[in-house]
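Structure first, commentary second.
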Amino acid sequence: MKKYAVLGMDVEDWFHLDYFNKEECNTSQSTMDGLMVYLDLLKQYEIKTTFFVVGELVSKYKNELNLIIEHGHEIALHSYSHVRPLNLSISEFREDTQKGLNIMKEVLNVEPDGYRAPCFSLDRERLDILKNEFNLTYDSSKIKFDSHDLYGRIELNDFDSLAKDIYKKDRFLEFEASTVEIFGKNLPVSGGGYLRIFPWFLTKALLKKYIKTNGNYFFYIHPFEFSKNYNITVPENTDFKTKLRFNTGRKSVEKKMHKLISMLKQNGYEFVTFRDLYTGKI
């Protein structure tokens, strides 16, 4: 059985992170240089992937995003404003999504096929809007990790399970972020934060366990995690835990990413985009 890995990136700046209050952040500071760091890393391995982009960044980073498209990567939507959908009314969610799709078309001439909610904050009602009203072909907002208060819960009882992490209804697919079961609880093995903060020996052990019992691997990371701007001034009232969470491992994550890719290659994974999985180009 073939095994596929999507090493996606959620394209947002540091002040979009949910543990900061954007209104209190100095948004003239940026960590978006990490976008090009990741693009160069992927180029080294000839890997194509999916970039989920926050709409309000599209105009400012038009050149970088067009370069990503030129390199053969997929552009998908990560909302317009990066407000968690479950904190928006249904009408606000529709407006935010439409605004994001519009700017993608106007600035990049791209009509995204897929969506990922900020902080995996999605439920079935909003998923059905993406599917039935916006005619998107897939979503990647599902994660089984109940210990995170910000994550949403997407009920998929009427979806067919094509694999442990791929669900289908009609022509619409839901891709689930990768987790591994430890002592009866699911633990993410697919996020940039976990890659940064966990020591490599722990990440390696968790991945070994995951690879033994699973096929696909769906990963996500952010530009700030690759950024060389280590001097971001966070809001004065930021607590120690948040500062630690934001800064830990940023200088070592690039090295860990090489190790992650090497491990996946050694275990026979093929690197693809979500669009590849949907369209059957693999």
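Naming scheme: A, B, ... for chains in displayed order of the structure tokens; residues 1 onward per chain; ligands 1 onward as shown.
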
Inset, instruction - Mind checking which residues fall within 8 Å of stretch 9-26 of chain A, counting only C-alpha atoms, ignoring those fewer than 4 positions away in the same chain, and posting them as an MDAnalysis selection string? - result: chainID A and resid 30:32 35 50:54 57 78 82 119 220:224 233:235 238 242

Expected file contents, prior selection, N, CA, C and O atoms, as a compact mmCIF listing (two decimals), in the first residue's frame:
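Saved file out10.txt follows:
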# COMPACT_ATOMS: atom_id res chain seq x y z
N SER A 30 7.45 41.25 11.63
CA SER A 30 6.98 40.12 10.84
C SER A 30 7.93 38.93 10.94
O SER A 30 9.13 39.09 11.12
N THR A 31 7.33 37.76 10.80
CA THR A 31 8.12 36.53 10.72
C THR A 31 7.87 35.82 9.38
O THR A 31 8.14 34.63 9.24
N MET A 32 7.37 36.56 8.41
CA MET A 32 7.02 35.95 7.14
C MET A 32 8.23 35.57 6.29
O MET A 32 8.07 34.92 5.24
N LEU A 35 8.52 31.92 5.34
CA LEU A 35 7.83 31.34 4.18
C LEU A 35 8.84 30.93 3.11
O LEU A 35 8.78 29.83 2.56
N THR A 50 0.91 21.77 0.00
CA THR A 50 -0.22 22.69 0.03
C THR A 50 0.04 23.79 1.05
O THR A 50 0.37 23.51 2.20
N PHE A 51 -0.13 25.03 0.62
CA PHE A 51 0.00 26.20 1.48
C PHE A 51 -1.39 26.77 1.73
O PHE A 51 -2.05 27.24 0.80
N PHE A 52 -1.83 26.72 3.00
CA PHE A 52 -3.12 27.30 3.38
C PHE A 52 -2.87 28.75 3.80
O PHE A 52 -2.21 29.01 4.81
N VAL A 53 -3.39 29.69 3.03
CA VAL A 53 -3.01 31.09 3.16
C VAL A 53 -4.13 31.93 3.78
O VAL A 53 -5.29 31.84 3.37
N VAL A 54 -3.76 32.76 4.75
CA VAL A 54 -4.69 33.73 5.33
C VAL A 54 -4.92 34.85 4.32
O VAL A 54 -3.97 35.48 3.83
N LEU A 57 -3.30 38.46 4.02
CA LEU A 57 -1.87 38.56 3.69
C LEU A 57 -1.60 38.48 2.19
O LEU A 57 -0.47 38.71 1.76
N HIS A 78 -6.98 29.61 4.29
CA HIS A 78 -6.87 29.47 5.75
C HIS A 78 -7.66 30.59 6.42
O HIS A 78 -7.20 31.19 7.38
N HIS A 82 -8.19 35.09 9.93
CA HIS A 82 -7.63 34.20 10.95
C HIS A 82 -8.31 34.37 12.31
O HIS A 82 -7.67 34.29 13.36
N CYS A 119 -6.73 27.19 13.82
CA CYS A 119 -6.77 26.43 15.08
C CYS A 119 -7.73 25.24 15.01
O CYS A 119 -8.28 24.83 16.04
N TYR A 220 1.53 19.99 9.42
CA TYR A 220 1.36 21.43 9.21
C TYR A 220 2.39 22.19 10.03
O TYR A 220 2.80 21.78 11.11
N ILE A 221 2.84 23.31 9.49
CA ILE A 221 3.81 24.17 10.16
C ILE A 221 3.55 25.61 9.72
O ILE A 221 2.70 25.85 8.86
N HIS A 222 4.22 26.58 10.33
CA HIS A 222 3.94 28.00 10.09
C HIS A 222 5.21 28.77 9.76
O HIS A 222 6.31 28.37 10.19
N PRO A 223 5.10 29.89 9.07
CA PRO A 223 6.29 30.68 8.74
C PRO A 223 7.10 31.12 9.96
O PRO A 223 8.33 31.11 9.91
N PHE A 224 6.43 31.49 11.06
CA PHE A 224 7.19 31.99 12.21
C PHE A 224 8.15 30.95 12.76
O PHE A 224 9.17 31.28 13.36
N THR A 233 9.03 41.60 19.53
CA THR A 233 8.59 42.15 20.81
C THR A 233 7.11 41.83 20.98
O THR A 233 6.26 42.40 20.29
N VAL A 234 6.83 40.92 21.89
CA VAL A 234 5.44 40.51 22.11
C VAL A 234 4.77 41.51 23.06
O VAL A 234 5.46 42.30 23.73
N PRO A 235 3.44 41.54 23.14
CA PRO A 235 2.76 42.47 24.05
C PRO A 235 3.26 42.35 25.48
O PRO A 235 3.62 41.26 25.95
N THR A 238 2.07 39.63 27.96
CA THR A 238 2.20 38.22 27.58
C THR A 238 2.82 37.41 28.72
O THR A 238 3.87 37.78 29.25
N THR A 242 3.26 31.60 27.47
CA THR A 242 3.06 31.93 26.07
C THR A 242 4.38 32.30 25.40
O THR A 242 4.64 31.89 24.25

Inset, instruction - Once DSSP has gone over the backbone, tell me which residues of stretch 22-270 of chain A are in helix (DSSP H, G or I), as a PyMOL selection string. - result: chain A and resi 22-24+33-45+55-57+62-70+85-87+90-108+118-120+124-132+192-197+200-213+223-225+240-247+253-266

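Shortest atom-to-atom contact with A:Thr49 among A:Gly114, A:Phe172, A:Ile75, A:Asn63: A:Ile75, counting only C-alpha atoms.
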
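Take atom CA of A:Thr213 and atom CA of A:Gly268: the distance between them is 14.0 Å.
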
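Atom CA of A:Pro85 is found 12.0 Å from atom CA of A:Arg153.
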
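The protein and nucleic acid residues lying at most 9 Å from A:Gly55 are A:Leu77, A:His78, A:Ser79, A:Tyr80, A:Ser81, A:His82, A:Thr97, A:Lys99, A:Gly100, A:Leu101, A:Asn102, A:Ile103, A:Met104, with only C-alpha atoms considered and sequence neighbours fewer than 6 positions away removed.
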
Which polymer residues have any atom within 8 Å of an atom of stretch 105-113 of chain A, counting only C-alpha atoms, with same-chain residues fewer than 6 positions away left out, as a PDB file with N, CA and C atoms, in the first residue's frame?
ATOM      1  N   VAL A  58      -2.612  38.153   1.417  1.00  0.00           N
ATOM      2  CA  VAL A  58      -2.408  37.842   0.000  1.00  0.00           C
ATOM      3  C   VAL A  58      -1.830  39.014  -0.786  1.00  0.00           C
ATOM      4  N   SER A  59      -2.399  40.191  -0.634  1.00  0.00           N
ATOM      5  CA  SER A  59      -1.912  41.345  -1.404  1.00  0.00           C
ATOM      6  C   SER A  59      -0.482  41.720  -1.028  1.00  0.00           C
ATOM      7  N   LYS A  62       2.017  39.025  -2.399  1.00  0.00           N
ATOM      8  CA  LYS A  62       1.651  38.535  -3.731  1.00  0.00           C
ATOM      9  C   LYS A  62       2.833  37.908  -4.453  1.00  0.00           C
ATOM     10  N   LEU A  65       3.794  34.515  -2.950  1.00  0.00           N
ATOM     11  CA  LEU A  65       2.779  33.506  -3.214  1.00  0.00           C
ATOM     12  C   LEU A  65       2.777  33.085  -4.680  1.00  0.00           C
ATOM     13  N   ASN A  66       3.028  34.034  -5.577  1.00  0.00           N
ATOM     14  CA  ASN A  66       3.140  33.668  -6.990  1.00  0.00           C
ATOM     15  C   ASN A  66       4.347  32.778  -7.246  1.00  0.00           C
ATOM     16  N   ILE A  75      -2.185  26.319  -3.553  1.00  0.00           N
ATOM     17  CA  ILE A  75      -2.651  27.366  -2.647  1.00  0.00           C
ATOM     18  C   ILE A  75      -4.080  27.048  -2.227  1.00  0.00           C
ATOM     19  N   ALA A  76      -4.319  26.987  -0.920  1.00  0.00           N
ATOM     20  CA  ALA A  76      -5.666  26.777  -0.375  1.00  0.00           C
ATOM     21  C   ALA A  76      -5.956  27.890   0.631  1.00  0.00           C
ATOM     22  N   LEU A  77      -7.150  27.902   1.186  1.00  0.00           N
ATOM     23  CA  LEU A  77      -7.589  29.003   2.040  1.00  0.00           C
ATOM     24  C   LEU A  77      -7.492  28.653   3.524  1.00  0.00           C
ATOM     25  N   LEU A 136     -16.345  23.929  -2.274  1.00  0.00           N
ATOM     26  CA  LEU A 136     -14.970  23.477  -2.136  1.00  0.00           C
ATOM     27  C   LEU A 136     -14.947  21.955  -2.232  1.00  0.00           C
ATOM     28  N   THR A 137     -13.795  21.404  -2.541  1.00  0.00           N
ATOM     29  CA  THR A 137     -13.714  19.957  -2.755  1.00  0.00           C
ATOM     30  C   THR A 137     -13.121  19.215  -1.570  1.00  0.00           C
ATOM     31  N   TYR A 138     -12.452  19.960  -0.664  1.00  0.00           N
ATOM     32  CA  TYR A 138     -11.943  19.286   0.527  1.00  0.00           C
ATOM     33  C   TYR A 138     -11.721  20.280   1.658  1.00  0.00           C
ATOM     34  N   ARG A 275      -4.443  18.478  -3.121  1.00  0.00           N
ATOM     35  CA  ARG A 275      -5.120  18.426  -4.426  1.00  0.00           C
ATOM     36  C   ARG A 275      -4.771  17.130  -5.158  1.00  0.00           C
TER      37      ARG A 275
END

Inset, instruction - Find the residues around A:Lys164 up to 10 Å (only C-alpha atoms counted), leave out those fewer than 6 positions away in its own chain, and share them as JSON, numbers by chain. - result: {"A": [175, 176, 178, 213, 214, 215, 216]}

I need the chosen residues saved as a tab-separated table (two decimals), in the first residue's frame, with C-alpha atoms.
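Saved as selection.tsv:
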chain	number	residue	atom	x	y	z
A	175	PHE	CA	-8.37	15.12	5.71
A	176	GLU	CA	-7.51	14.57	9.38
A	178	SER	CA	-2.08	12.97	12.16
A	213	THR	CA	0.02	1.47	12.31
A	214	ASN	CA	-0.91	4.23	9.86
A	215	GLY	CA	-0.62	5.01	6.18
A	216	ASN	CA	-0.78	8.70	5.36

Interface rows for stretch 134-210 of chain A against stretch 256-266 of chain A: nearest pair, Å to one decimal, 8 Å, only C-alpha atoms, as JSON lines:
{"residue": "A:Leu195", "atom": "CA", "partner": "A:Lys256", "partner_atom": "CA", "distance": 7.2}
{"residue": "A:Arg196", "atom": "CA", "partner": "A:Lys256", "partner_atom": "CA", "distance": 7.9}
{"residue": "A:Trp200", "atom": "CA", "partner": "A:Lys256", "partner_atom": "CA", "distance": 7.0}

With all heavy atoms retained, could you export that selection as a PDB file, in the first residue's frame?
ATOM      1  N   LEU A 195       6.818  19.649  16.812  1.00  0.00           N
ATOM      2  CA  LEU A 195       8.161  19.389  16.272  1.00  0.00           C
ATOM      3  C   LEU A 195       9.179  20.301  16.941  1.00  0.00           C
ATOM      4  O   LEU A 195      10.296  19.876  17.273  1.00  0.00           O
ATOM      5  CB  LEU A 195       8.163  19.611  14.752  1.00  0.00           C
ATOM      6  CG  LEU A 195       9.478  19.312  14.037  1.00  0.00           C
ATOM      7  CD1 LEU A 195       9.812  17.829  14.100  1.00  0.00           C
ATOM      8  CD2 LEU A 195       9.409  19.775  12.566  1.00  0.00           C
ATOM      9  N   ARG A 196       8.817  21.560  17.158  1.00  0.00           N
ATOM     10  CA  ARG A 196       9.727  22.518  17.792  1.00  0.00           C
ATOM     11  C   ARG A 196       9.998  22.177  19.249  1.00  0.00           C
ATOM     12  O   ARG A 196      11.147  22.159  19.702  1.00  0.00           O
ATOM     13  CB  ARG A 196       9.123  23.937  17.747  1.00  0.00           C
ATOM     14  CG  ARG A 196       9.268  24.685  16.482  1.00  0.00           C
ATOM     15  CD  ARG A 196       8.836  26.128  16.673  1.00  0.00           C
ATOM     16  NE  ARG A 196       7.443  26.290  17.053  1.00  0.00           N
ATOM     17  CZ  ARG A 196       7.006  26.759  18.216  1.00  0.00           C
ATOM     18  NH1 ARG A 196       7.869  27.112  19.162  1.00  0.00           N
ATOM     19  NH2 ARG A 196       5.714  26.903  18.460  1.00  0.00           N
ATOM     20  N   TRP A 200      13.938  15.792  19.762  1.00  0.00           N
ATOM     21  CA  TRP A 200      13.843  14.948  18.578  1.00  0.00           C
ATOM     22  C   TRP A 200      13.667  13.469  18.936  1.00  0.00           C
ATOM     23  O   TRP A 200      12.928  12.749  18.269  1.00  0.00           O
ATOM     24  CB  TRP A 200      15.039  15.135  17.660  1.00  0.00           C
ATOM     25  CG  TRP A 200      15.018  14.156  16.523  1.00  0.00           C
ATOM     26  CD1 TRP A 200      15.857  13.101  16.307  1.00  0.00           C
ATOM     27  CD2 TRP A 200      14.044  14.095  15.464  1.00  0.00           C
ATOM     28  NE1 TRP A 200      15.484  12.385  15.187  1.00  0.00           N
ATOM     29  CE2 TRP A 200      14.375  12.983  14.650  1.00  0.00           C
ATOM     30  CE3 TRP A 200      12.925  14.867  15.129  1.00  0.00           C
ATOM     31  CZ2 TRP A 200      13.629  12.633  13.527  1.00  0.00           C
ATOM     32  CZ3 TRP A 200      12.187  14.516  14.004  1.00  0.00           C
ATOM     33  CH2 TRP A 200      12.541  13.410  13.220  1.00  0.00           C
TER      34      TRP A 200
END

Inset, instruction - Work out how far atom CA of A:Phe218 is from atom CA of A:Ala177, in Å to one decimal. - result: 5.3 Å

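The residue that comes closest to A:Gly34, out of A:Asp96, A:Glu270, A:Glu236, A:Glu225 and on the basis of only C-alpha atoms, is A:Glu225.
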
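Residues in contact with A:Arg171 at up to 12 Å, not including ones fewer than 2 positions away on its chain and judged by only C-alpha atoms, are Asp113, Lys131, Asn132, Asn135, Leu136, Thr137, Tyr138, Asp139, Phe159, Asp160, Tyr167, Lys168, Lys169, Leu173, Glu174, Tyr278 and Thr279 of chain A.
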
Expected file contents, prior selection, N, CA and C atoms, as a PDB file, in the first residue's frame:
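After the write, out_38.pdb holds the following:
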ATOM      1  N   ASP A 113      -9.250  24.971  -3.919  1.00  0.00           N
ATOM      2  CA  ASP A 113     -10.070  23.774  -3.793  1.00  0.00           C
ATOM      3  C   ASP A 113     -10.353  23.435  -2.336  1.00  0.00           C
ATOM      4  N   LYS A 131     -18.754  22.917   1.901  1.00  0.00           N
ATOM      5  CA  LYS A 131     -19.053  21.888   0.899  1.00  0.00           C
ATOM      6  C   LYS A 131     -20.191  22.286  -0.030  1.00  0.00           C
ATOM      7  N   ASN A 132     -21.287  22.735   0.542  1.00  0.00           N
ATOM      8  CA  ASN A 132     -22.513  22.904  -0.230  1.00  0.00           C
ATOM      9  C   ASN A 132     -22.721  24.301  -0.795  1.00  0.00           C
ATOM     10  N   ASN A 135     -18.811  25.225  -2.566  1.00  0.00           N
ATOM     11  CA  ASN A 135     -18.417  24.181  -3.522  1.00  0.00           C
ATOM     12  C   ASN A 135     -16.926  23.862  -3.480  1.00  0.00           C
ATOM     13  N   LEU A 136     -16.345  23.929  -2.274  1.00  0.00           N
ATOM     14  CA  LEU A 136     -14.970  23.477  -2.136  1.00  0.00           C
ATOM     15  C   LEU A 136     -14.947  21.955  -2.232  1.00  0.00           C
ATOM     16  N   THR A 137     -13.795  21.404  -2.541  1.00  0.00           N
ATOM     17  CA  THR A 137     -13.714  19.957  -2.755  1.00  0.00           C
ATOM     18  C   THR A 137     -13.121  19.215  -1.570  1.00  0.00           C
ATOM     19  N   TYR A 138     -12.452  19.960  -0.664  1.00  0.00           N
ATOM     20  CA  TYR A 138     -11.943  19.286   0.527  1.00  0.00           C
ATOM     21  C   TYR A 138     -11.721  20.280   1.658  1.00  0.00           C
ATOM     22  N   ASP A 139     -11.598  19.710   2.857  1.00  0.00           N
ATOM     23  CA  ASP A 139     -11.257  20.463   4.054  1.00  0.00           C
ATOM     24  C   ASP A 139     -10.205  19.673   4.825  1.00  0.00           C
ATOM     25  N   PHE A 159     -20.150  10.238   6.620  1.00  0.00           N
ATOM     26  CA  PHE A 159     -19.060  10.176   5.658  1.00  0.00           C
ATOM     27  C   PHE A 159     -18.533   8.746   5.577  1.00  0.00           C
ATOM     28  N   ASP A 160     -18.085   8.348   4.420  1.00  0.00           N
ATOM     29  CA  ASP A 160     -17.389   7.070   4.272  1.00  0.00           C
ATOM     30  C   ASP A 160     -15.929   7.255   4.657  1.00  0.00           C
ATOM     31  N   TYR A 167     -11.890  10.992   4.826  1.00  0.00           N
ATOM     32  CA  TYR A 167     -13.320  10.728   4.857  1.00  0.00           C
ATOM     33  C   TYR A 167     -13.969  11.343   3.615  1.00  0.00           C
ATOM     34  N   LYS A 168     -15.015  10.703   3.121  1.00  0.00           N
ATOM     35  CA  LYS A 168     -15.635  11.172   1.878  1.00  0.00           C
ATOM     36  C   LYS A 168     -17.150  11.168   1.977  1.00  0.00           C
ATOM     37  N   LYS A 169     -17.750  12.254   1.480  1.00  0.00           N
ATOM     38  CA  LYS A 169     -19.197  12.311   1.271  1.00  0.00           C
ATOM     39  C   LYS A 169     -19.445  12.988  -0.065  1.00  0.00           C
ATOM     40  N   LEU A 173     -13.964  15.631   0.346  1.00  0.00           N
ATOM     41  CA  LEU A 173     -13.068  14.888   1.226  1.00  0.00           C
ATOM     42  C   LEU A 173     -12.710  15.702   2.464  1.00  0.00           C
ATOM     43  N   GLU A 174     -12.575  15.016   3.584  1.00  0.00           N
ATOM     44  CA  GLU A 174     -12.054  15.595   4.814  1.00  0.00           C
ATOM     45  C   GLU A 174     -10.757  14.876   5.168  1.00  0.00           C
ATOM     46  N   TYR A 278      -6.900  14.468  -3.828  1.00  0.00           N
ATOM     47  CA  TYR A 278      -8.301  14.605  -4.229  1.00  0.00           C
ATOM     48  C   TYR A 278      -8.515  14.219  -5.697  1.00  0.00           C
ATOM     49  N   THR A 279      -7.624  14.687  -6.546  1.00  0.00           N
ATOM     50  CA  THR A 279      -7.829  14.496  -7.980  1.00  0.00           C
ATOM     51  C   THR A 279      -7.328  13.151  -8.488  1.00  0.00           C
TER      52      THR A 279
END

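Residues of stretch 45-160 of chain A carrying a DSSP assignment of strand (DSSP E or B), computed from the backbone, are Thr50, Phe51, Phe52, Val53, Glu74, Ile75, Ala76, Leu77, Gly114, Tyr115, Tyr138, Asp139, Ser140, Ser141, Lys142 and Asp160 of chain A.
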
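Distances to A:Tyr38 were evaluated for A:Ile68, A:Ile129, A:Ala117, A:Val6 using only C-alpha atoms, and the minimum falls at A:Ile68.
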
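For the set A:Arg250, A:Lys43, A:Lys243, A:Arg84, the residue with the smallest atom-to-atom gap to A:His71 is A:Lys43, counting only C-alpha atoms.
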